[in-house]
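Raw model-v1.tsv, TSV, C-alpha atoms:
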```tsv
chain	number	residue	atom	x	y	z
A	228	MET	CA	-68.13	-13.07	58.13
A	229	PRO	CA	-70.82	-15.73	58.70
A	230	VAL	CA	-74.08	-16.06	56.73
A	231	THR	CA	-77.49	-15.71	58.34
A	232	VAL	CA	-80.09	-18.34	57.45
A	233	HIS	CA	-83.82	-18.02	58.08
A	234	LEU	CA	-86.20	-20.96	57.86
A	235	SER	CA	-89.98	-20.96	57.45
A	236	THR	CA	-92.81	-23.13	58.84
A	237	ALA	CA	-92.15	-26.87	58.48
A	238	LEU	CA	-88.46	-26.40	57.58
A	239	ARG	CA	-87.88	-25.21	61.15
A	240	ASP	CA	-88.68	-28.70	62.42
A	241	HIS	CA	-85.36	-29.91	61.01
A	242	VAL	CA	-83.21	-27.60	63.12
A	243	PRO	CA	-83.59	-28.13	66.87
A	244	ASP	CA	-84.08	-24.96	68.95
A	245	TYR	CA	-84.43	-22.72	65.87
A	246	GLN	CA	-85.07	-19.11	66.99
A	247	PRO	CA	-87.24	-17.24	64.41
A	248	SER	CA	-86.12	-13.77	65.49
A	249	GLN	CA	-82.42	-14.60	65.12
A	250	GLY	CA	-82.27	-17.29	62.47
A	251	LEU	CA	-79.06	-19.29	62.20
A	252	THR	CA	-75.55	-17.91	61.99
A	253	MET	CA	-73.19	-20.16	60.05
A	254	ASP	CA	-69.62	-20.11	58.82
A	255	LEU	CA	-69.42	-21.21	55.19
A	256	ASN	CA	-66.16	-23.20	55.37
A	257	GLU	CA	-66.42	-25.56	52.36
A	258	VAL	CA	-69.96	-24.51	51.44
A	259	ARG	CA	-70.15	-22.93	47.98
A	260	SER	CA	-73.84	-22.95	47.01
A	261	LEU	CA	-77.21	-22.48	48.68
A	262	LEU	CA	-77.89	-26.13	47.94
A	263	ASP	CA	-74.77	-27.14	49.92
A	264	LEU	CA	-75.94	-24.91	52.73
A	265	ALA	CA	-79.40	-26.53	52.81
A	266	ARG	CA	-77.81	-30.01	52.81
A	267	ASN	CA	-75.46	-29.05	55.62
A	268	LEU	CA	-78.51	-28.13	57.68
A	269	ASN	CA	-80.14	-31.51	56.88
A	270	LEU	CA	-83.10	-29.72	55.28
A	271	PRO	CA	-85.32	-31.81	52.96
A	272	VAL	CA	-84.18	-30.16	49.72
A	273	GLU	CA	-87.28	-31.32	47.81
A	274	ASP	CA	-89.46	-29.29	50.21
A	275	ILE	CA	-87.65	-25.99	49.56
A	276	LYS	CA	-89.83	-24.10	47.09
A	277	ILE	CA	-88.52	-20.56	47.47
A	278	THR	CA	-84.95	-19.49	48.15
A	279	MET	CA	-84.21	-15.86	48.93
A	280	LEU	CA	-80.70	-14.37	48.87
A	281	ASN	CA	-80.38	-10.86	50.33
A	282	GLY	CA	-84.11	-10.20	49.72
A	283	ARG	CA	-84.25	-11.50	46.13
A	284	ARG	CA	-85.52	-14.81	44.88
A	285	VAL	CA	-82.76	-17.02	43.45
A	286	ASP	CA	-82.20	-20.57	42.26
A	287	LEU	CA	-81.17	-23.08	44.94
A	288	ASN	CA	-77.99	-23.76	42.94
A	289	SER	CA	-76.85	-20.14	43.25
A	290	PRO	CA	-73.52	-19.43	44.96
A	291	VAL	CA	-73.41	-18.09	48.49
A	292	SER	CA	-70.82	-15.71	49.92
A	293	ASP	CA	-69.71	-14.52	53.34
A	294	GLY	CA	-72.15	-12.07	54.93
A	295	ASP	CA	-75.16	-13.14	52.81
A	296	ARG	CA	-78.67	-13.31	54.24
A	297	VAL	CA	-80.47	-16.48	53.14
A	298	ALA	CA	-84.07	-17.66	53.63
A	299	PHE	CA	-85.61	-21.02	52.70
A	300	PHE	CA	-89.40	-21.43	52.33
A	301	PRO	CA	-91.54	-24.52	51.72
A	302	ALA	CA	-94.92	-24.40	49.96
A	303	VAL	CA	-97.69	-23.28	52.33
A	304	GLY	CA	-101.30	-24.08	51.51
A	305	GLY	CA	-103.26	-23.86	54.77
A	306	GLY	CA	-106.18	-21.52	55.14
E	55	MET	CA	-111.16	21.18	49.00
E	56	LEU	CA	-114.82	22.02	48.67
E	57	ASP	CA	-116.63	22.25	51.99
E	58	ARG	CA	-120.12	20.80	51.79
E	59	SER	CA	-122.88	21.67	54.20
E	60	GLU	CA	-125.90	21.39	51.84
E	61	PRO	CA	-126.94	18.56	49.49
E	62	ASP	CA	-127.64	19.20	45.81
E	63	SER	CA	-131.25	20.27	45.10
E	64	HIS	CA	-132.61	16.87	43.94
E	65	LEU	CA	-131.42	15.35	47.23
E	66	LYS	CA	-133.18	17.99	49.38
E	67	PRO	CA	-135.71	15.45	50.82
E	68	LEU	CA	-132.75	13.75	52.46
E	69	ARG	CA	-131.92	16.83	54.50
E	70	THR	CA	-133.25	15.58	57.84
E	71	TYR	CA	-131.06	12.47	57.60
E	72	LEU	CA	-127.85	14.40	57.01
E	73	THR	CA	-125.26	15.55	59.52
E	74	ALA	CA	-122.43	18.00	58.88
E	75	GLU	CA	-119.14	16.51	60.07
E	76	SER	CA	-115.76	18.13	60.43
E	77	GLY	CA	-113.68	14.97	59.98
E	78	PRO	CA	-111.98	12.58	59.57
E	79	GLY	CA	-110.33	13.50	56.29
E	80	PRO	CA	-109.81	16.85	54.60
E	81	GLY	CA	-112.49	19.57	54.95
E	82	SER	CA	-116.03	19.17	56.27
E	83	PHE	CA	-118.54	16.77	54.74
E	84	LEU	CA	-122.09	15.48	55.05
E	85	SER	CA	-122.89	12.04	56.39
E	86	ILE	CA	-126.20	10.25	55.94
E	87	ASN	CA	-127.74	7.65	58.25
E	88	SER	CA	-129.25	4.32	57.25
E	89	GLN	CA	-132.83	5.65	57.15
E	90	GLY	CA	-131.73	8.38	54.76
E	91	ILE	CA	-130.04	5.81	52.53
E	92	LYS	CA	-133.30	3.85	52.33
E	93	LEU	CA	-135.16	7.00	51.25
E	94	ALA	CA	-132.40	7.86	48.77
E	95	ALA	CA	-132.62	4.35	47.28
E	96	ASP	CA	-136.36	4.91	46.71
E	97	LEU	CA	-135.81	8.38	45.24
E	98	LEU	CA	-133.04	7.21	42.93
E	99	GLY	CA	-134.48	3.77	42.13
E	100	LEU	CA	-131.13	2.15	42.94
E	101	LYS	CA	-130.07	-0.78	45.10
E	102	PRO	CA	-128.59	0.17	48.49
E	103	ALA	CA	-124.89	-0.30	47.61
E	104	LEU	CA	-125.23	1.67	44.37
E	105	THR	CA	-127.25	4.33	46.21
E	106	MET	CA	-124.37	4.75	48.65
E	107	SER	CA	-121.92	4.92	45.75
E	108	TYR	CA	-124.06	7.62	44.08
E	109	LEU	CA	-124.22	9.65	47.31
E	110	LEU	CA	-120.46	9.39	47.79
E	111	LYS	CA	-119.96	10.88	44.35
E	112	GLN	CA	-121.93	13.89	45.65
E	113	GLY	CA	-119.56	13.98	48.65
E	114	ILE	CA	-122.18	12.50	51.02
E	115	TRP	CA	-120.77	9.68	53.17
E	116	PRO	CA	-122.93	6.83	54.47
E	117	ARG	CA	-122.41	7.22	58.22
E	118	ARG	CA	-121.44	3.55	58.51
E	119	PHE	CA	-118.37	4.28	56.38
E	120	SER	CA	-117.61	7.79	57.64
E	121	ARG	CA	-114.60	6.59	59.64
E	122	ASN	CA	-113.08	5.17	56.46
E	123	ARG	CA	-112.82	8.79	55.25
E	124	GLY	CA	-109.29	10.06	55.59
E	125	VAL	CA	-107.94	6.71	54.43
E	126	LEU	CA	-110.34	6.40	51.49
E	127	LYS	CA	-111.35	9.25	49.16
E	128	ASP	CA	-115.02	9.73	48.19
E	129	GLU	CA	-114.52	8.09	44.81
E	130	GLU	CA	-112.49	5.22	46.32
E	131	GLN	CA	-115.22	4.33	48.82
E	132	ALA	CA	-117.70	4.54	45.91
E	133	ALA	CA	-115.51	2.21	43.82
E	134	LEU	CA	-115.44	-0.39	46.61
E	135	LEU	CA	-119.24	-0.28	46.82
E	136	GLU	CA	-119.33	-1.03	43.09
E	137	SER	CA	-116.92	-3.97	43.48
E	138	LYS	CA	-117.72	-7.65	43.87
E	139	ALA	CA	-115.24	-9.95	45.61
E	140	VAL	CA	-115.29	-13.72	45.46
E	141	VAL	CA	-114.17	-15.44	48.67
E	142	ILE	CA	-113.33	-19.09	48.10
E	143	GLY	CA	-113.12	-20.82	51.46
E	144	CYS	CA	-115.08	-19.48	54.45
E	145	GLY	CA	-113.03	-20.99	57.28
E	146	GLY	CA	-109.98	-19.50	59.03
E	147	LEU	CA	-108.92	-16.95	56.44
E	148	GLY	CA	-112.26	-16.63	54.65
E	149	GLY	CA	-114.25	-15.70	57.76
E	150	HIS	CA	-111.94	-12.79	58.51
E	151	VAL	CA	-111.44	-11.81	54.86
E	152	SER	CA	-115.19	-11.61	54.13
E	153	THR	CA	-115.81	-9.60	57.31
E	154	LEU	CA	-113.02	-7.14	56.54
E	155	LEU	CA	-114.28	-6.70	52.97
E	156	ALA	CA	-117.80	-6.09	54.28
E	157	ARG	CA	-116.65	-3.49	56.81
E	158	LEU	CA	-114.50	-1.77	54.20
E	159	GLY	CA	-117.56	-1.40	51.99
E	160	LEU	CA	-117.50	-3.96	49.20
E	161	GLY	CA	-120.91	-3.92	47.50
E	162	ALA	CA	-121.18	-7.59	46.64
E	163	LEU	CA	-119.64	-10.83	47.90
E	164	VAL	CA	-119.64	-14.37	46.58
E	165	LEU	CA	-119.08	-16.89	49.40
E	166	CYS	CA	-118.07	-20.44	48.57
E	167	ASP	CA	-117.30	-23.40	50.84
E	168	TYR	CA	-118.43	-27.04	50.78
E	169	ASP	CA	-117.36	-27.70	54.36
E	170	CYS	CA	-119.26	-27.56	57.66
E	171	PHE	CA	-118.11	-26.16	61.01
E	172	GLU	CA	-116.73	-28.56	63.59
E	173	GLU	CA	-115.49	-28.14	67.14
E	174	SER	CA	-111.81	-27.89	66.16
E	175	ASN	CA	-112.64	-24.74	64.15
E	176	LEU	CA	-113.69	-22.78	67.24
E	177	ASN	CA	-110.14	-21.62	68.06
E	178	ARG	CA	-109.81	-19.49	64.92
E	179	GLN	CA	-112.67	-19.55	62.40
E	180	LEU	CA	-114.57	-16.30	62.87
E	181	PHE	CA	-118.05	-17.56	61.96
E	182	SER	CA	-117.84	-20.84	63.90
E	183	ARG	CA	-120.09	-20.85	66.96
E	184	GLU	CA	-121.02	-23.47	69.52
E	185	THR	CA	-124.51	-23.07	68.09
E	186	ASN	CA	-123.70	-23.64	64.41
E	187	LEU	CA	-121.43	-26.71	64.47
E	188	GLY	CA	-122.41	-28.95	61.56
E	189	ARG	CA	-123.64	-26.00	59.47
E	190	ASN	CA	-122.26	-25.20	56.06
E	191	LYS	CA	-119.58	-22.50	56.35
E	192	ALA	CA	-120.66	-20.47	53.30
E	193	LYS	CA	-124.29	-20.36	54.45
E	194	ALA	CA	-123.27	-19.38	57.98
E	195	ALA	CA	-120.93	-16.71	56.58
E	196	ALA	CA	-123.75	-15.27	54.44
E	197	GLU	CA	-125.99	-14.92	57.51
E	198	GLU	CA	-123.26	-13.25	59.55
E	199	ILE	CA	-122.35	-10.83	56.76
E	200	SER	CA	-126.02	-9.97	56.17
E	201	SER	CA	-126.48	-9.10	59.82
E	202	LEU	CA	-123.40	-6.89	59.65
E	203	ALA	CA	-124.11	-5.21	56.31
E	204	SER	CA	-127.57	-5.82	54.84
E	205	HIS	CA	-126.78	-3.73	51.74
E	206	ILE	CA	-124.27	-6.32	50.47
E	207	GLU	CA	-125.50	-8.53	47.65
E	208	ILE	CA	-124.41	-12.03	48.64
E	209	THR	CA	-124.25	-15.13	46.48
E	210	VAL	CA	-123.71	-18.43	48.32
E	211	TRP	CA	-122.07	-21.52	46.83
E	212	PRO	CA	-122.27	-24.25	49.51
E	213	GLU	CA	-120.21	-26.63	47.40
E	214	ALA	CA	-116.61	-27.34	46.41
E	215	ALA	CA	-115.05	-24.94	43.91
E	216	THR	CA	-113.72	-27.00	41.01
E	217	ALA	CA	-112.35	-26.32	37.56
E	218	SER	CA	-115.84	-27.03	36.17
E	219	ASN	CA	-117.90	-24.63	38.33
E	220	LEU	CA	-115.29	-21.92	38.95
E	221	PRO	CA	-115.98	-19.97	35.74
E	222	GLU	CA	-119.62	-19.68	36.86
E	223	ILE	CA	-118.72	-18.84	40.49
E	224	ILE	CA	-116.37	-15.98	39.59
E	225	ARG	CA	-118.34	-14.59	36.64
E	226	GLY	CA	-119.09	-10.87	36.93
E	227	SER	CA	-116.78	-10.31	39.88
E	228	THR	CA	-113.95	-7.82	40.30
E	229	ILE	CA	-111.41	-9.72	42.39
E	230	VAL	CA	-110.85	-13.27	43.70
E	231	MET	CA	-109.76	-13.97	47.30
E	232	ASP	CA	-108.02	-17.32	47.73
E	233	CYS	CA	-108.84	-18.62	51.23
E	234	LEU	CA	-108.54	-22.29	50.34
E	235	ASP	CA	-106.53	-24.93	52.20
E	236	THR	CA	-104.65	-26.90	49.56
E	237	ILE	CA	-102.15	-25.70	46.99
E	238	ALA	CA	-103.69	-27.81	44.23
E	239	ALA	CA	-107.07	-26.07	44.69
E	240	ARG	CA	-105.32	-22.69	44.83
E	241	LEU	CA	-103.55	-23.32	41.51
E	242	GLU	CA	-106.89	-24.24	39.94
E	243	LEU	CA	-108.49	-21.06	41.29
E	244	GLU	CA	-105.61	-18.89	40.09
E	245	THR	CA	-105.91	-20.33	36.59
E	246	ALA	CA	-109.68	-19.73	36.52
E	247	SER	CA	-109.23	-16.17	37.83
E	248	HIS	CA	-106.59	-15.26	35.29
E	249	ASN	CA	-108.60	-16.86	32.47
E	250	ALA	CA	-111.45	-14.55	33.46
E	251	GLY	CA	-109.03	-11.57	33.48
E	252	LEU	CA	-109.33	-11.15	37.26
E	253	PRO	CA	-106.67	-10.42	39.87
E	254	PHE	CA	-106.12	-13.29	42.32
E	255	VAL	CA	-105.17	-12.68	45.95
E	256	TYR	CA	-103.35	-15.62	47.53
E	257	GLY	CA	-103.34	-16.07	51.30
E	258	ALA	CA	-101.99	-19.11	53.17
E	259	ILE	CA	-101.09	-19.87	56.77
E	260	ALA	CA	-99.30	-22.44	58.93
E	261	GLY	CA	-98.28	-22.10	62.56
E	262	GLU	CA	-97.56	-18.45	63.30
E	263	GLU	CA	-96.63	-17.64	59.70
E	264	GLY	CA	-98.61	-16.52	56.69
E	265	PHE	CA	-98.11	-15.58	53.05
E	266	ALA	CA	-100.02	-13.19	50.80
E	267	MET	CA	-99.56	-12.18	47.19
E	268	VAL	CA	-101.55	-10.61	44.35
E	269	THR	CA	-101.12	-12.21	40.96
E	270	ARG	CA	-102.54	-10.80	37.75
E	271	PRO	CA	-103.13	-12.36	34.34
E	272	GLY	CA	-99.82	-12.64	32.50
E	273	GLU	CA	-97.63	-12.03	35.57
E	274	VAL	CA	-95.64	-14.25	37.94
E	275	GLY	CA	-98.09	-16.65	39.52
E	276	LEU	CA	-98.31	-19.33	42.17
E	277	SER	CA	-97.20	-22.08	39.80
E	278	ALA	CA	-93.96	-20.15	39.16
E	279	LEU	CA	-93.40	-20.16	42.92
E	280	TYR	CA	-94.42	-23.66	43.79
E	281	GLY	CA	-94.14	-25.55	40.53
E	282	ASP	CA	-96.63	-28.06	39.24
E	283	GLN	CA	-96.03	-30.61	42.02
E	284	PRO	CA	-95.97	-28.37	45.07
E	285	GLU	CA	-97.32	-30.72	47.70
E	286	THR	CA	-94.45	-32.67	49.10
E	287	GLU	CA	-93.80	-33.38	52.75
E	288	ALA	CA	-94.65	-29.77	53.55
E	289	LYS	CA	-98.29	-30.33	52.65
E	290	ASN	CA	-99.11	-31.26	56.21
E	291	ALA	CA	-97.44	-28.18	57.66
E	292	GLU	CA	-100.75	-26.75	58.84
E	293	LYS	CA	-101.68	-29.99	60.60
E	294	ARG	CA	-98.27	-30.40	62.21
E	295	LEU	CA	-97.75	-26.79	63.21
E	296	GLY	CA	-101.38	-26.00	64.06
E	297	VAL	CA	-102.97	-22.59	63.48
E	298	PRO	CA	-103.66	-20.26	66.42
E	299	THR	CA	-106.27	-17.51	66.01
E	300	ILE	CA	-103.74	-14.70	65.59
E	301	THR	CA	-102.46	-16.13	62.30
E	302	PRO	CA	-105.61	-16.10	60.12
E	303	SER	CA	-106.82	-12.80	61.60
E	304	SER	CA	-103.48	-11.05	60.90
E	305	LEU	CA	-102.88	-12.58	57.50
E	306	ALA	CA	-106.47	-11.72	56.45
E	307	CYS	CA	-105.68	-8.03	57.12
E	308	LEU	CA	-102.64	-8.23	54.88
E	309	GLN	CA	-104.56	-10.09	52.17
E	310	VAL	CA	-107.45	-7.60	52.23
E	311	HIS	CA	-105.06	-4.64	52.24
E	312	LEU	CA	-103.45	-5.98	49.05
E	313	ALA	CA	-106.91	-6.57	47.54
E	314	VAL	CA	-108.04	-3.00	48.26
E	315	LYS	CA	-104.83	-1.55	46.81
E	316	THR	CA	-105.44	-3.63	43.71
E	317	LEU	CA	-109.12	-2.65	43.44
E	318	LEU	CA	-108.30	1.04	43.80
E	319	GLY	CA	-105.30	0.89	41.45
E	320	ARG	CA	-103.11	2.45	44.13
E	321	GLU	CA	-99.37	2.42	43.41
E	322	PRO	CA	-99.30	-1.11	41.98
E	323	PRO	CA	-96.34	-2.70	43.77
E	324	PRO	CA	-93.81	-4.87	41.95
E	325	PRO	CA	-94.93	-8.52	42.25
E	326	ALA	CA	-93.98	-9.61	45.75
E	327	LEU	CA	-94.78	-12.42	48.13
E	328	TYR	CA	-95.41	-10.99	51.59
E	329	HIS	CA	-94.26	-13.16	54.46
E	330	LEU	CA	-95.84	-12.54	57.85
E	331	ASP	CA	-94.02	-14.12	60.79
E	332	LEU	CA	-95.80	-13.48	64.07
E	333	SER	CA	-93.16	-15.42	65.99
E	334	VAL	CA	-90.68	-12.55	65.41
E	335	PRO	CA	-93.00	-10.57	64.65
E	336	SER	CA	-92.27	-9.21	61.15
E	337	VAL	CA	-93.65	-8.70	57.65
E	338	GLU	CA	-91.18	-8.99	54.81
E	339	ALA	CA	-91.69	-8.44	51.09
E	340	LEU	CA	-89.98	-11.09	48.97
E	341	TYR	CA	-89.31	-9.79	45.45
E	342	PHE	CA	-88.82	-11.80	42.31
```
I'd like the structure from this file rewritten - as structure tokens, please.
Amino acid sequence: MPVTVHLSTALRDHVPDYQPSQGLTMDLNEVRSLLDLARNLNLPVEDIKITMLNGRRVDLNSPVSDGDRVAFFPAVGGG
Amino acid sequence: MLDRSEPDSHLKPLRTYLTAESGPGPGSFLSINSQGIKLAADLLGLKPALTMSYLLKQGIWPRRFSRNRGVLKDEEQAALLESKAVVIGCGGLGGHVSTLLARLGLGALVLCDYDCFEESNLNRQLFSRETNLGRNKAKAAAEEISSLASHIEITVWPEAATASNLPEIIRGSTIVMDCLDTIAARLELETASHNAGLPFVYGAIAGEEGFAMVTRPGEVGLSALYGDQPETEAKNAEKRLGVPTITPSSLACLQVHLAVKTLLGREPPPPALYHLDLSVPSVEALYF
């Protein structure tokens, strides 16, 4: 079962044709951690400030499993 | 629920300014118009906001707030009139946030912004006008709020909020609204708020997305989210993604809703970062 990955604000720039309502559907294959997942997507890892796994905040080094729902957020300061 | 159709005896002179209303909210109630509030302020020797708070405690609703009844109880509307919110930043978020707080019935506002309106603000900043470009945002906001709600006590700080003047700016207030535009300034404001024992209400926007969160002294704060060096490549997100008018106006509603819940002590939620994404559209609570 694939994982679903949602990206926020500037992180979306790194994935062409990202659709906010659907997010990305990915097969894990060799991916073991959220960090691997972010690298596979060519996301700038240093810009990821919040990582959510199934609605809970986790460390970027946490493991990821089939069927998980993942979201990556950068820092947002605009007002 | 007690139905009220007559004021207490010491408020009898107000009779001609009162109207019996059947709703909204439970039971019937009396509302009072603005002329009656002026007379009541003279009779009671109180300032307008505190006069309205006093009347609410007798079950008499200022007519201007009567449509808040049903969502707010008498004592809750009174508590808002006794509250003082600090709004730091009077641009995209701050213009909407200060207006919403005024319409909800906050009794006092502190408005702070060093910046002046420019043409590129006209797409989204509520108080920007073709006629006030070049004017200080906090001063313009104060004028607009006064014309909307003359009972509000307004303090204007037309200067940058810094670690050195923040303790003075937020002194005596009840809650701090973060409507700034850099994370570094937000972290400084959060620290000053918590040092003063005040809840801090974060709001930030970029593109069609926004974030809001209440942090309290001793709880998870912005620095726990973003770390001490938060501004990496993402710092220019707002500039790259732009900000259409729907984003600050929507996020301001969420931010003010969280502020009111906090002020009224309603079902304090577990600490959560709320993520608004108008491109879906959706609002999601992110728990820690």
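The residues of chain E lying at most 7 Å from chain A, with only C-alpha atoms taken into account, are Gly146, Leu147, Cys233, Leu234, Asp235, Thr236, Ile237, Ala258, Ile259, Ala260, Gly261, Glu263, Leu279, Tyr280, Pro284, Thr286, Glu287, Ala288, Ala291, Glu292, Ser333, Val334, Leu340, Tyr341 and Phe342 of chain E.
If you measure from each of A:Glu257, A:Gly250, A:Asp293, A:Asp286 to Val232 (chain A) using all atoms listed in the file, the closest one turns out to be A:Gly250.
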> If you count all atoms listed in the file, which residues fall within 9 Å of Ser260 (chain A), apart from same-chain ones fewer than 6 positions away, as number ranges by chain?
Replying inline: A: 287-292
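Computed from the coordinates, the CA of Trp211 (chain E) to CA of Arg270 (chain E) distance equals 24.1 Å.
Taking CA of Arg121 (chain E) as the reference point, CA of Leu97 (chain E) is found at 25.7 Å.
Proximity of A:Val242, A:Phe299, A:His233, A:Asn267 to Leu255 (chain A), computed with only C-alpha atoms, is greatest for A:Asn267.
Counting only C-alpha atoms and comparing A:Pro229, A:Arg296, A:Leu270, A:Leu234, the residue that lies closest to Val258 (chain A) is A:Pro229.
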Complete the atoms of region 240-248 of chain A to all heavy atoms and put them out as a PDB file, keeping the file's coordinate frame.
```pdb
ATOM      1  N   ASP A 240     -88.670 -27.441  61.663  1.00  0.00           N
ATOM      2  CA  ASP A 240     -88.680 -28.700  62.420  1.00  0.00           C
ATOM      3  C   ASP A 240     -87.347 -29.435  62.336  1.00  0.00           C
ATOM      4  O   ASP A 240     -87.030 -30.270  63.178  1.00  0.00           O
ATOM      5  CB  ASP A 240     -89.746 -29.666  61.867  1.00  0.00           C
ATOM      6  CG  ASP A 240     -91.151 -29.133  62.095  1.00  0.00           C
ATOM      7  OD1 ASP A 240     -91.283 -28.103  62.779  1.00  0.00           O
ATOM      8  OD2 ASP A 240     -92.099 -29.755  61.577  1.00  0.00           O
ATOM      9  N   HIS A 241     -86.583 -29.141  61.255  1.00  0.00           N
ATOM     10  CA  HIS A 241     -85.360 -29.910  61.010  1.00  0.00           C
ATOM     11  C   HIS A 241     -84.151 -29.359  61.745  1.00  0.00           C
ATOM     12  O   HIS A 241     -83.085 -29.950  61.711  1.00  0.00           O
ATOM     13  CB  HIS A 241     -85.092 -29.985  59.500  1.00  0.00           C
ATOM     14  CG  HIS A 241     -86.218 -30.635  58.759  1.00  0.00           C
ATOM     15  ND1 HIS A 241     -86.308 -31.993  58.589  1.00  0.00           N
ATOM     16  CD2 HIS A 241     -87.349 -30.114  58.211  1.00  0.00           C
ATOM     17  CE1 HIS A 241     -87.425 -32.279  57.940  1.00  0.00           C
ATOM     18  NE2 HIS A 241     -88.073 -31.163  57.699  1.00  0.00           N
ATOM     19  N   VAL A 242     -84.327 -28.203  62.377  1.00  0.00           N
ATOM     20  CA  VAL A 242     -83.210 -27.600  63.120  1.00  0.00           C
ATOM     21  C   VAL A 242     -83.648 -27.407  64.572  1.00  0.00           C
ATOM     22  O   VAL A 242     -84.458 -26.524  64.863  1.00  0.00           O
ATOM     23  CB  VAL A 242     -82.801 -26.245  62.491  1.00  0.00           C
ATOM     24  CG1 VAL A 242     -81.671 -25.607  63.292  1.00  0.00           C
ATOM     25  CG2 VAL A 242     -82.386 -26.448  61.043  1.00  0.00           C
ATOM     26  N   PRO A 243     -83.153 -28.230  65.478  1.00  0.00           N
ATOM     27  CA  PRO A 243     -83.590 -28.130  66.870  1.00  0.00           C
ATOM     28  C   PRO A 243     -83.314 -26.743  67.448  1.00  0.00           C
ATOM     29  O   PRO A 243     -82.284 -26.138  67.130  1.00  0.00           O
ATOM     30  CB  PRO A 243     -82.740 -29.195  67.590  1.00  0.00           C
ATOM     31  CG  PRO A 243     -82.256 -30.112  66.520  1.00  0.00           C
ATOM     32  CD  PRO A 243     -82.159 -29.296  65.275  1.00  0.00           C
ATOM     33  N   ASP A 244     -84.228 -26.247  68.248  1.00  0.00           N
ATOM     34  CA  ASP A 244     -84.080 -24.960  68.950  1.00  0.00           C
ATOM     35  C   ASP A 244     -83.912 -23.761  68.012  1.00  0.00           C
ATOM     36  O   ASP A 244     -83.254 -22.783  68.343  1.00  0.00           O
ATOM     37  CB  ASP A 244     -82.883 -24.994  69.926  1.00  0.00           C
ATOM     38  CG  ASP A 244     -83.021 -26.127  70.926  1.00  0.00           C
ATOM     39  OD1 ASP A 244     -84.167 -26.362  71.373  1.00  0.00           O
ATOM     40  OD2 ASP A 244     -82.010 -26.788  71.236  1.00  0.00           O
ATOM     41  N   TYR A 245     -84.486 -23.854  66.811  1.00  0.00           N
ATOM     42  CA  TYR A 245     -84.430 -22.720  65.870  1.00  0.00           C
ATOM     43  C   TYR A 245     -85.135 -21.516  66.486  1.00  0.00           C
ATOM     44  O   TYR A 245     -86.248 -21.626  67.001  1.00  0.00           O
ATOM     45  CB  TYR A 245     -85.107 -23.107  64.545  1.00  0.00           C
ATOM     46  CG  TYR A 245     -85.149 -21.959  63.570  1.00  0.00           C
ATOM     47  CD1 TYR A 245     -84.051 -21.649  62.790  1.00  0.00           C
ATOM     48  CD2 TYR A 245     -86.297 -21.168  63.457  1.00  0.00           C
ATOM     49  CE1 TYR A 245     -84.076 -20.581  61.912  1.00  0.00           C
ATOM     50  CE2 TYR A 245     -86.334 -20.095  62.578  1.00  0.00           C
ATOM     51  CZ  TYR A 245     -85.221 -19.812  61.815  1.00  0.00           C
ATOM     52  OH  TYR A 245     -85.249 -18.744  60.950  1.00  0.00           O
ATOM     53  N   GLN A 246     -84.487 -20.348  66.449  1.00  0.00           N
ATOM     54  CA  GLN A 246     -85.070 -19.110  66.990  1.00  0.00           C
ATOM     55  C   GLN A 246     -85.469 -18.194  65.836  1.00  0.00           C
ATOM     56  O   GLN A 246     -84.596 -17.632  65.164  1.00  0.00           O
ATOM     57  CB  GLN A 246     -84.040 -18.386  67.873  1.00  0.00           C
ATOM     58  CG  GLN A 246     -83.642 -19.132  69.129  1.00  0.00           C
ATOM     59  CD  GLN A 246     -84.820 -19.295  70.091  1.00  0.00           C
ATOM     60  OE1 GLN A 246     -85.651 -18.408  70.218  1.00  0.00           O
ATOM     61  NE2 GLN A 246     -84.914 -20.453  70.733  1.00  0.00           N
ATOM     62  N   PRO A 247     -86.794 -18.017  65.586  1.00  0.00           N
ATOM     63  CA  PRO A 247     -87.240 -17.240  64.410  1.00  0.00           C
ATOM     64  C   PRO A 247     -86.682 -15.828  64.374  1.00  0.00           C
ATOM     65  O   PRO A 247     -86.363 -15.316  63.298  1.00  0.00           O
ATOM     66  CB  PRO A 247     -88.767 -17.203  64.564  1.00  0.00           C
ATOM     67  CG  PRO A 247     -89.099 -18.363  65.431  1.00  0.00           C
ATOM     68  CD  PRO A 247     -87.937 -18.552  66.352  1.00  0.00           C
ATOM     69  N   SER A 248     -86.541 -15.176  65.524  1.00  0.00           N
ATOM     70  CA  SER A 248     -86.120 -13.770  65.490  1.00  0.00           C
ATOM     71  C   SER A 248     -84.636 -13.645  65.133  1.00  0.00           C
ATOM     72  O   SER A 248     -84.203 -12.604  64.633  1.00  0.00           O
ATOM     73  CB  SER A 248     -86.409 -13.109  66.834  1.00  0.00           C
ATOM     74  OG  SER A 248     -85.809 -13.862  67.864  1.00  0.00           O
TER      75      SER A 248
END
```
